[in-house]
Amino acid sequence: MGSLYLSRCRCIVRQVYSGLPSMLQRRYSLDISPQLLRTEGFIDGRWVSAASTFPVFDPATGEEIAKVSDCSTKEAQDAVNAAYKAFHVWKSRTAKERSILLRKWFDLVTQHKDDLAKLITAECGKPMMESLGEIAYSASFLEWFSEEARRVYGDIVAPPAKDRKILLLKQPVGVASIITPWNFPSAMITRKVGAALAVGCTVVVKPAEDTPLSALALAELSVQAGIPPGVINVVPCSREKTPAVGELLCTDSLVAKISFTGSTATGKTLLRHAAGTVKKVSMELGGHAPFIVFDSADVDKAVAGVMGSKFRNSGQTCVCSNRFLVQAGIHDAFVEKLAKAMDAELKLGHGSEPTTTQGPLINTRAAEKVENQVVDAVAQGAIIVRGGKRLEGSFMQPTLLSNVTTDMLCMQEETFGPLVPVVKFSTEQEALAIANASPVGLAGYFYSRDISQIWRVAEHMEVGMVGVNEGLISTTEAAFGGVKQSGLGREGSKYGIDEYLEVKYMCFGGLTP
């Protein structure tokens, strides 16, 4: 389409917005315990100032809420050195000792859940109910891995000869670099760090530049829990310093392990950095989740599944459903019911307001991306059923599109925003072909009451996690991870702890039969 036509479409989509609600125009006060509002780096058990600072903003208002130490490669190197020194002591602690300390950390996170949730809402924009949910989820990993710490078992293997014994030992890999995203600024840290500490690894955490306050608050609580100096280190830094700090954390010879959650593009860069020293790597990367609704589905339950899967954190989760495929027989009824549910259940606003269900996107770039996808779809014939407006700042109306085709931008790239593009399909084979036509494969969802179809589709979907008649699948007990370019390894569950372990084979020979 010509640029003039796209410009006209943009005007139609954006329209005129009369202004943000008054609750967004007032100044936002961050009312939490001063002990938890930390703004310096945390290295070797000490709070460390850097040569400069960077601002952290409330994404709902654009107001600066804190200035945080802008750690450089110097502070990152100090953190790695501290973690390496602490590793040789921490790994010698018994599993029971490590378990007790992780449990104390869990208790403190639970005790301070309200303040920690306020931090998430302030720097990430989530509604408070979702922020409280994240803190519960975050704490659950500390609880889980405090229990798993005492269940790291090796093996005794039957030998081929009588004069020897074969043992397989599991040992911690060493220092782990933990690089985390902004959309779950607490849970993505505990899911990684809990597993690492449980087996005897030490860590250097590099939180996202948009949301460092949650990471620093967790570090403060780890001190209160009695976790020794150097075991946990946190190096916040600005967007400008992130490439250099990230490269050091992936190339330093003292680092044995890298765990990253973020975009596929960044993951590939970190993998290239890690290749030089052949580090152990786990990656939870981008997704583009299909959500299939078959004619046999319970339409009301499918609509409820979309509301939970799509609009959590305003569509900013890696397992968010992105591509909605609805079979022709129920397509119209589904779209109508979903539109009504959006009208009834979704309310934009500041996350601190109790009635808010949809906060802002993390920044204006995120809102522009969603807007561009809507403009592109409308230019190619999509119909706006609900929403479609880009609002002030980083707010975007929850948007429902029909008459969508697979060549539209919203079907080709991950959205990370509150957009529901619906594609009508005819056959199961057609739906699977569309669902699997992606280079990534993190999560996928489908609704059906046909038992045979459920088994067929679940086995043929090219994803690491499948929600069958369920839109919310994340839980501590289950293995989290993807296939294709969605990453390497698994987090959570009994398998997540293996990412921080090496298996050592010991042959004990010279025995008298």
# chains A, B, ... in the order shown; residues from 1 in each chain; ligands from 1
call {"tool": "closest_atom_pairs", "arguments": {"of": "segment 138-223 of chain A", "to": "segment 229-247 of chain A", "cutoff": "8 Å", "atoms": "only C-alpha atoms", "output": "CSV"}}
result
residue,atom,partner,partner_atom,distance
A:Ile179,CA,A:Gly246,CA,7.9
A:Leu197,CA,A:Val231,CA,7.8
A:Cys201,CA,A:Val231,CA,7.8
A:Thr202,CA,A:Val231,CA,4.6
A:Val203,CA,A:Ile232,CA,5.2
A:Val204,CA,A:Asn233,CA,4.7
A:Val205,CA,A:Val234,CA,4.6
A:Lys206,CA,A:Val235,CA,5.3
A:Pro207,CA,A:Pro236,CA,5.9
A:Ala208,CA,A:Pro236,CA,7.5
A:Glu209,CA,A:Ser238,CA,5.3
A:Pro212,CA,A:Pro236,CA,6.0
A:Ala215,CA,A:Val234,CA,7.3
A:Leu216,CA,A:Val234,CA,6.9
A:Ala219,CA,A:Ile232,CA,7.1
A:Ser222,CA,A:Ile232,CA,7.9
A:Val223,CA,A:Pro229,CA,8.0
call {"tool": "write_last_selection", "arguments": {"atoms": "N, CA, C and O atoms", "output": "compact mmCIF listing (two decimals), in the first residue's frame"}}
result
# COMPACT_ATOMS: atom_id res chain seq x y z
N ILE A 179 20.55 -12.98 33.45
CA ILE A 179 20.14 -11.78 32.72
C ILE A 179 18.62 -11.87 32.51
O ILE A 179 18.14 -12.78 31.84
N LEU A 197 21.18 -21.32 43.47
CA LEU A 197 21.64 -21.36 44.86
C LEU A 197 21.38 -22.71 45.51
O LEU A 197 22.16 -23.16 46.36
N CYS A 201 25.59 -23.05 43.31
CA CYS A 201 26.14 -22.02 42.43
C CYS A 201 25.98 -20.64 43.07
O CYS A 201 25.14 -20.44 43.95
N THR A 202 26.79 -19.70 42.62
CA THR A 202 26.62 -18.30 42.99
C THR A 202 26.24 -17.53 41.74
O THR A 202 26.42 -18.02 40.62
N VAL A 203 25.72 -16.30 41.91
CA VAL A 203 25.13 -15.62 40.75
C VAL A 203 25.51 -14.14 40.69
O VAL A 203 25.77 -13.50 41.71
N VAL A 204 25.51 -13.64 39.45
CA VAL A 204 25.53 -12.20 39.17
C VAL A 204 24.29 -11.91 38.35
O VAL A 204 24.12 -12.45 37.25
N VAL A 205 23.41 -11.08 38.89
CA VAL A 205 22.14 -10.77 38.24
C VAL A 205 22.26 -9.42 37.52
O VAL A 205 22.68 -8.42 38.11
N LYS A 206 21.90 -9.40 36.23
CA LYS A 206 21.80 -8.15 35.47
C LYS A 206 20.33 -7.96 35.14
O LYS A 206 19.80 -8.53 34.20
N PRO A 207 19.61 -7.14 35.95
CA PRO A 207 18.18 -6.94 35.67
C PRO A 207 17.98 -6.01 34.48
O PRO A 207 18.88 -5.27 34.09
N ALA A 208 16.77 -6.03 33.92
CA ALA A 208 16.43 -5.12 32.83
C ALA A 208 16.54 -3.68 33.29
O ALA A 208 16.21 -3.35 34.44
N GLU A 209 16.96 -2.80 32.39
CA GLU A 209 17.15 -1.40 32.76
C GLU A 209 15.84 -0.71 33.12
O GLU A 209 15.83 0.27 33.87
N PRO A 212 14.91 -2.28 37.54
CA PRO A 212 15.96 -2.76 38.44
C PRO A 212 15.55 -2.79 39.91
O PRO A 212 16.19 -3.47 40.72
N ALA A 215 14.72 -6.23 41.54
CA ALA A 215 15.91 -7.06 41.74
C ALA A 215 16.68 -6.63 42.98
O ALA A 215 17.15 -7.46 43.77
N LEU A 216 16.81 -5.33 43.17
CA LEU A 216 17.56 -4.81 44.31
C LEU A 216 16.83 -5.08 45.63
O LEU A 216 17.45 -5.35 46.66
N ALA A 219 17.50 -8.58 46.55
CA ALA A 219 18.84 -8.70 47.12
C ALA A 219 18.84 -8.29 48.59
O ALA A 219 19.48 -8.94 49.43
N SER A 222 17.51 -11.04 50.59
CA SER A 222 18.45 -12.16 50.69
C SER A 222 19.47 -11.92 51.81
O SER A 222 19.90 -12.87 52.49
N VAL A 223 19.85 -10.66 52.01
CA VAL A 223 20.74 -10.32 53.12
C VAL A 223 20.05 -10.60 54.45
O VAL A 223 20.63 -11.22 55.36
call {"tool": "residues_around", "arguments": {"residues": "Ser253 of chain A", "least_positions_apart": "6", "cutoff": "12 Å", "atoms": "only C-alpha atoms", "output": "list in words"}}
result
Gln77, Val80, Asn81, Tyr84, Gly174, Val175, Ala176, Ser177, Glu247, His273, Ala274, Ala275, Gly276, Thr277, Val278 and Lys279 of chain A
call {"tool": "select_by_dssp", "arguments": {"residues": "segment 354-471 of chain A", "states": "strand (DSSP E)", "output": "PyMOL selection string"}}
result
chain A and resi 383-386+399-402+419-425+440-441+443-447+465-468
call {"tool": "write_last_selection", "arguments": {"atoms": "N, CA and C atoms", "output": "JSON list (two decimals), in the first residue's frame"}}
result
[["chain", "number", "residue", "atom", "x", "y", "z"],
["A", 383, "ILE", "N", -10.69, -5.83, 10.08],
["A", 383, "ILE", "CA", -11.78, -5.02, 10.63],
["A", 383, "ILE", "C", -11.55, -4.86, 12.12],
["A", 384, "ILE", "N", -11.59, -3.60, 12.59],
["A", 384, "ILE", "CA", -11.47, -3.34, 14.02],
["A", 384, "ILE", "C", -12.83, -3.59, 14.68],
["A", 385, "VAL", "N", -12.90, -4.62, 15.51],
["A", 385, "VAL", "CA", -14.13, -4.96, 16.22],
["A", 385, "VAL", "C", -14.22, -4.20, 17.54],
["A", 386, "ARG", "N", -13.08, -4.09, 18.23],
["A", 386, "ARG", "CA", -13.01, -3.34, 19.48],
["A", 386, "ARG", "C", -11.64, -2.65, 19.55],
["A", 399, "THR", "N", -7.43, -4.43, 21.74],
["A", 399, "THR", "CA", -7.93, -4.38, 20.36],
["A", 399, "THR", "C", -8.27, -5.77, 19.84],
["A", 400, "LEU", "N", -9.43, -5.87, 19.22],
["A", 400, "LEU", "CA", -9.88, -7.11, 18.58],
["A", 400, "LEU", "C", -10.05, -6.87, 17.10],
["A", 401, "LEU", "N", -9.39, -7.68, 16.29],
["A", 401, "LEU", "CA", -9.46, -7.58, 14.84],
["A", 401, "LEU", "C", -10.07, -8.85, 14.25],
["A", 402, "SER", "N", -10.92, -8.70, 13.27],
["A", 402, "SER", "CA", -11.42, -9.84, 12.50],
["A", 402, "SER", "C", -10.99, -9.66, 11.05],
["A", 419, "LEU", "N", -3.42, -7.06, 21.68],
["A", 419, "LEU", "CA", -4.01, -7.17, 20.34],
["A", 419, "LEU", "C", -4.44, -8.62, 20.08],
["A", 420, "VAL", "N", -5.69, -8.79, 19.65],
["A", 420, "VAL", "CA", -6.25, -10.11, 19.33],
["A", 420, "VAL", "C", -6.62, -10.13, 17.85],
["A", 421, "PRO", "N", -5.75, -10.68, 16.98],
["A", 421, "PRO", "CA", -6.09, -10.82, 15.57],
["A", 421, "PRO", "C", -6.69, -12.21, 15.32],
["A", 422, "VAL", "N", -7.89, -12.26, 14.76],
["A", 422, "VAL", "CA", -8.60, -13.54, 14.59],
["A", 422, "VAL", "C", -8.60, -13.95, 13.12],
["A", 423, "VAL", "N", -8.11, -15.16, 12.87],
["A", 423, "VAL", "CA", -8.08, -15.77, 11.54],
["A", 423, "VAL", "C", -9.11, -16.89, 11.51],
["A", 424, "LYS", "N", -9.94, -16.90, 10.48],
["A", 424, "LYS", "CA", -10.92, -17.99, 10.32],
["A", 424, "LYS", "C", -10.28, -19.14, 9.54],
["A", 425, "PHE", "N", -10.47, -20.38, 10.02],
["A", 425, "PHE", "CA", -9.93, -21.54, 9.30],
["A", 425, "PHE", "C", -11.02, -22.60, 9.14],
["A", 440, "VAL", "N", 9.66, -19.86, 15.90],
["A", 440, "VAL", "CA", 9.70, -20.01, 17.35],
["A", 440, "VAL", "C", 8.60, -20.96, 17.81],
["A", 441, "GLY", "N", 8.76, -21.49, 19.02],
["A", 441, "GLY", "CA", 7.77, -22.43, 19.53],
["A", 441, "GLY", "C", 7.83, -22.52, 21.04],
["A", 443, "ALA", "N", 4.98, -21.48, 23.57],
["A", 443, "ALA", "CA", 3.71, -22.02, 24.07],
["A", 443, "ALA", "C", 2.67, -22.03, 22.97],
["A", 444, "GLY", "N", 1.66, -22.86, 23.16],
["A", 444, "GLY", "CA", 0.52, -22.91, 22.25],
["A", 444, "GLY", "C", -0.71, -23.33, 23.03],
["A", 445, "TYR", "N", -1.88, -22.94, 22.54],
["A", 445, "TYR", "CA", -3.13, -23.22, 23.24],
["A", 445, "TYR", "C", -4.18, -23.68, 22.24],
["A", 446, "PHE", "N", -5.07, -24.55, 22.68],
["A", 446, "PHE", "CA", -6.23, -24.86, 21.85],
["A", 446, "PHE", "C", -7.38, -25.35, 22.70],
["A", 447, "TYR", "N", -8.58, -25.14, 22.18],
["A", 447, "TYR", "CA", -9.80, -25.54, 22.87],
["A", 447, "TYR", "C", -10.56, -26.52, 21.99],
["A", 465, "MET", "N", 5.33, -25.99, 25.33],
["A", 465, "MET", "CA", 4.27, -26.06, 26.33],
["A", 465, "MET", "C", 2.92, -25.92, 25.63],
["A", 466, "VAL", "N", 1.97, -26.75, 26.02],
["A", 466, "VAL", "CA", 0.64, -26.74, 25.40],
["A", 466, "VAL", "C", -0.43, -26.59, 26.47],
["A", 467, "GLY", "N", -1.31, -25.61, 26.28],
["A", 467, "GLY", "CA", -2.48, -25.47, 27.13],
["A", 467, "GLY", "C", -3.70, -26.03, 26.43],
["A", 468, "VAL", "N", -4.26, -27.09, 26.96],
["A", 468, "VAL", "CA", -5.45, -27.72, 26.38],
["A", 468, "VAL", "C", -6.66, -27.31, 27.22]]
call {"tool": "residues_around", "arguments": {"residues": "Lys113 of chain A", "least_positions_apart": "2", "cutoff": "12 Å", "atoms": "only C-alpha atoms", "output": "PyMOL selection string"}}
result
chain A and resi 32-33+36+106-111+115-120+128-139+186+214+217-218+221
call {"tool": "write_last_selection", "arguments": {"atoms": "N, CA and C atoms", "output": "tab-separated table (two decimals), in the first residue's frame"}}
result
chain	number	residue	atom	x	y	z
A	32	ILE	N	6.58	2.64	50.01
A	32	ILE	CA	7.04	1.34	50.46
A	32	ILE	C	8.10	1.53	51.54
A	33	SER	N	8.46	0.43	52.19
A	33	SER	CA	9.50	0.46	53.22
A	33	SER	C	10.80	0.98	52.62
A	36	LEU	N	13.51	-1.43	51.41
A	36	LEU	CA	13.38	-2.17	50.16
A	36	LEU	C	13.58	-1.31	48.92
A	106	PHE	N	12.31	-17.11	51.09
A	106	PHE	CA	10.90	-17.26	50.70
A	106	PHE	C	9.98	-16.61	51.73
A	107	ASP	N	10.22	-16.87	53.01
A	107	ASP	CA	9.37	-16.32	54.07
A	107	ASP	C	9.39	-14.79	54.04
A	108	LEU	N	10.57	-14.20	53.80
A	108	LEU	CA	10.68	-12.75	53.78
A	108	LEU	C	9.99	-12.14	52.56
A	109	VAL	N	10.12	-12.78	51.41
A	109	VAL	CA	9.43	-12.30	50.21
A	109	VAL	C	7.92	-12.32	50.45
A	110	THR	N	7.44	-13.40	51.05
A	110	THR	CA	6.01	-13.50	51.35
A	110	THR	C	5.58	-12.45	52.35
A	111	GLN	N	6.41	-12.22	53.37
A	111	GLN	CA	6.10	-11.23	54.40
A	111	GLN	C	6.00	-9.83	53.81
A	115	ASP	N	4.75	-4.55	49.58
A	115	ASP	CA	5.75	-3.58	49.13
A	115	ASP	C	6.41	-4.03	47.83
A	116	LEU	N	6.71	-5.31	47.72
A	116	LEU	CA	7.33	-5.82	46.49
A	116	LEU	C	6.38	-5.67	45.30
A	117	ALA	N	5.10	-5.87	45.54
A	117	ALA	CA	4.11	-5.70	44.47
A	117	ALA	C	4.01	-4.24	44.06
A	118	LYS	N	4.07	-3.32	45.02
A	118	LYS	CA	4.04	-1.90	44.69
A	118	LYS	C	5.23	-1.52	43.81
A	119	LEU	N	6.39	-2.11	44.07
A	119	LEU	CA	7.56	-1.84	43.24
A	119	LEU	C	7.32	-2.29	41.80
A	120	ILE	N	6.74	-3.48	41.64
A	120	ILE	CA	6.47	-3.98	40.29
A	120	ILE	C	5.50	-3.06	39.56
A	128	MET	N	-2.12	-3.85	40.41
A	128	MET	CA	-1.66	-4.39	41.69
A	128	MET	C	-2.03	-5.85	41.89
A	129	MET	N	-3.21	-6.25	41.44
A	129	MET	CA	-3.59	-7.65	41.62
A	129	MET	C	-2.64	-8.56	40.86
A	130	GLU	N	-2.22	-8.15	39.68
A	130	GLU	CA	-1.26	-8.96	38.93
A	130	GLU	C	0.11	-8.92	39.59
A	131	SER	N	0.49	-7.76	40.13
A	131	SER	CA	1.78	-7.66	40.80
A	131	SER	C	1.83	-8.55	42.04
A	132	LEU	N	0.74	-8.58	42.79
A	132	LEU	CA	0.67	-9.48	43.94
A	132	LEU	C	0.75	-10.94	43.49
A	133	GLY	N	0.11	-11.23	42.36
A	133	GLY	CA	0.20	-12.58	41.80
A	133	GLY	C	1.61	-12.93	41.41
A	134	GLU	N	2.33	-11.96	40.83
A	134	GLU	CA	3.72	-12.24	40.48
A	134	GLU	C	4.58	-12.50	41.71
A	135	ILE	N	4.37	-11.75	42.78
A	135	ILE	CA	5.16	-11.98	43.99
A	135	ILE	C	4.89	-13.38	44.56
A	136	ALA	N	3.65	-13.81	44.54
A	136	ALA	CA	3.34	-15.17	44.99
A	136	ALA	C	4.04	-16.20	44.10
A	137	TYR	N	4.01	-15.95	42.80
A	137	TYR	CA	4.70	-16.83	41.83
A	137	TYR	C	6.21	-16.79	42.07
A	138	SER	N	6.74	-15.60	42.27
A	138	SER	CA	8.16	-15.43	42.54
A	138	SER	C	8.58	-16.19	43.79
A	139	ALA	N	7.84	-16.02	44.87
A	139	ALA	CA	8.16	-16.69	46.12
A	139	ALA	C	8.08	-18.22	45.97
A	186	SER	N	10.48	-9.78	39.10
A	186	SER	CA	10.78	-10.55	40.31
A	186	SER	C	10.84	-12.04	40.03
A	214	SER	N	13.01	-4.02	41.58
A	214	SER	CA	12.56	-5.31	42.12
A	214	SER	C	13.75	-6.22	42.42
A	217	ALA	N	15.49	-5.02	45.58
A	217	ALA	CA	14.71	-5.35	46.79
A	217	ALA	C	14.87	-6.82	47.15
A	218	LEU	N	14.90	-7.69	46.15
A	218	LEU	CA	15.13	-9.11	46.42
A	218	LEU	C	16.51	-9.33	47.04
A	221	LEU	N	16.40	-8.52	50.71
A	221	LEU	CA	15.76	-9.58	51.49
A	221	LEU	C	16.67	-10.81	51.60
call {"tool": "closest_atom_pairs", "arguments": {"of": "segment 393-507 of chain A", "to": "segment 163-170 of chain A", "cutoff": "7 Å", "atoms": "only C-alpha atoms", "output": "CSV"}}
result
residue,atom,partner,partner_atom,distance
A:Leu501,CA,A:Lys170,CA,6.1
A:Glu502,CA,A:Lys170,CA,5.6
A:Val503,CA,A:Lys170,CA,4.7
A:Lys504,CA,A:Leu169,CA,4.9
A:Tyr505,CA,A:Leu168,CA,4.6
A:Met506,CA,A:Leu167,CA,5.1
A:Cys507,CA,A:Ile166,CA,4.8
call {"tool": "residues_around", "arguments": {"residues": "Gln316 of chain A", "least_positions_apart": "2", "cutoff": "8 Å", "atoms": "only C-alpha atoms", "output": "mmCIF file with C-alpha atoms, in the first residue's frame"}}
result
data_model
loop_
_atom_site.group_PDB
_atom_site.id
_atom_site.type_symbol
_atom_site.label_atom_id
_atom_site.label_comp_id
_atom_site.auth_asym_id
_atom_site.auth_seq_id
_atom_site.Cartn_x
_atom_site.Cartn_y
_atom_site.Cartn_z
ATOM 1 C CA ASN A 183 7.949 -8.049 32.198
ATOM 2 C CA ARG A 312 -2.438 -10.613 31.459
ATOM 3 C CA ASN A 313 0.127 -7.816 31.874
ATOM 4 C CA SER A 314 -1.558 -6.070 28.924
ATOM 5 C CA CYS A 318 6.385 -14.455 26.483
ATOM 6 C CA CYS A 320 0.895 -14.693 25.600
ATOM 7 C CA LEU A 361 2.842 -0.928 27.963
ATOM 8 C CA PHE A 416 3.793 -8.043 23.133
ATOM 9 C CA GLY A 417 0.658 -5.988 23.571
ATOM 10 C CA PRO A 418 -3.152 -6.192 23.913
#
call {"tool": "residues_around", "arguments": {"residues": "Thr427 of chain A", "least_positions_apart": "6", "cutoff": "9 Å", "atoms": "only C-alpha atoms", "output": "VMD selection string"}}
result
chain A and resid 294 327 to 328
call {"tool": "write_last_selection", "arguments": {"atoms": "N, CA and C atoms", "output": "PDB file, in the first residue's frame"}}
result
ATOM      1  N   PHE A 294     -11.495 -24.823  18.115  1.00  0.00           N
ATOM      2  CA  PHE A 294     -12.151 -25.724  17.165  1.00  0.00           C
ATOM      3  C   PHE A 294     -13.668 -25.683  17.326  1.00  0.00           C
ATOM      4  N   GLN A 327     -12.239 -21.794  14.123  1.00  0.00           N
ATOM      5  CA  GLN A 327     -12.865 -22.572  13.051  1.00  0.00           C
ATOM      6  C   GLN A 327     -14.162 -21.921  12.583  1.00  0.00           C
ATOM      7  N   ALA A 328     -14.446 -22.097  11.307  1.00  0.00           N
ATOM      8  CA  ALA A 328     -15.527 -21.357  10.647  1.00  0.00           C
ATOM      9  C   ALA A 328     -16.883 -21.531  11.324  1.00  0.00           C
TER      10      ALA A 328
END
call {"tool": "select_by_dssp", "arguments": {"residues": "segment 288-404 of chain A", "states": "alpha helix (DSSP H)", "output": "PyMOL selection string"}}
result
chain A and resi 299-311+331-345+364-379
call {"tool": "closest_residue", "arguments": {"among": "A:Asp376, A:Glu368, A:Glu123, A:Asp300", "to": "Ala341 of chain A", "atoms": "only C-alpha atoms"}}
result
A:Asp300
call {"tool": "residues_around", "arguments": {"residues": "segment 58-67 of chain A", "least_positions_apart": "6", "cutoff": "8 Å", "atoms": "only C-alpha atoms", "output": "ChimeraX atom specification"}}
result
/A:24-25,27-28,30,39,122-125,349-351,359-363,393-395
call {"tool": "atom_distance", "arguments": {"atom1": "atom CA of Val326 of chain A", "atom2": "atom CA of Asn403 of chain A"}}
result
11.2 Å
call {"tool": "closest_residue", "arguments": {"among": "A:Gly308, A:Gly287, A:Gly315, A:Gly464", "to": "Gly489 of chain A", "atoms": "only C-alpha atoms"}}
result
A:Gly464
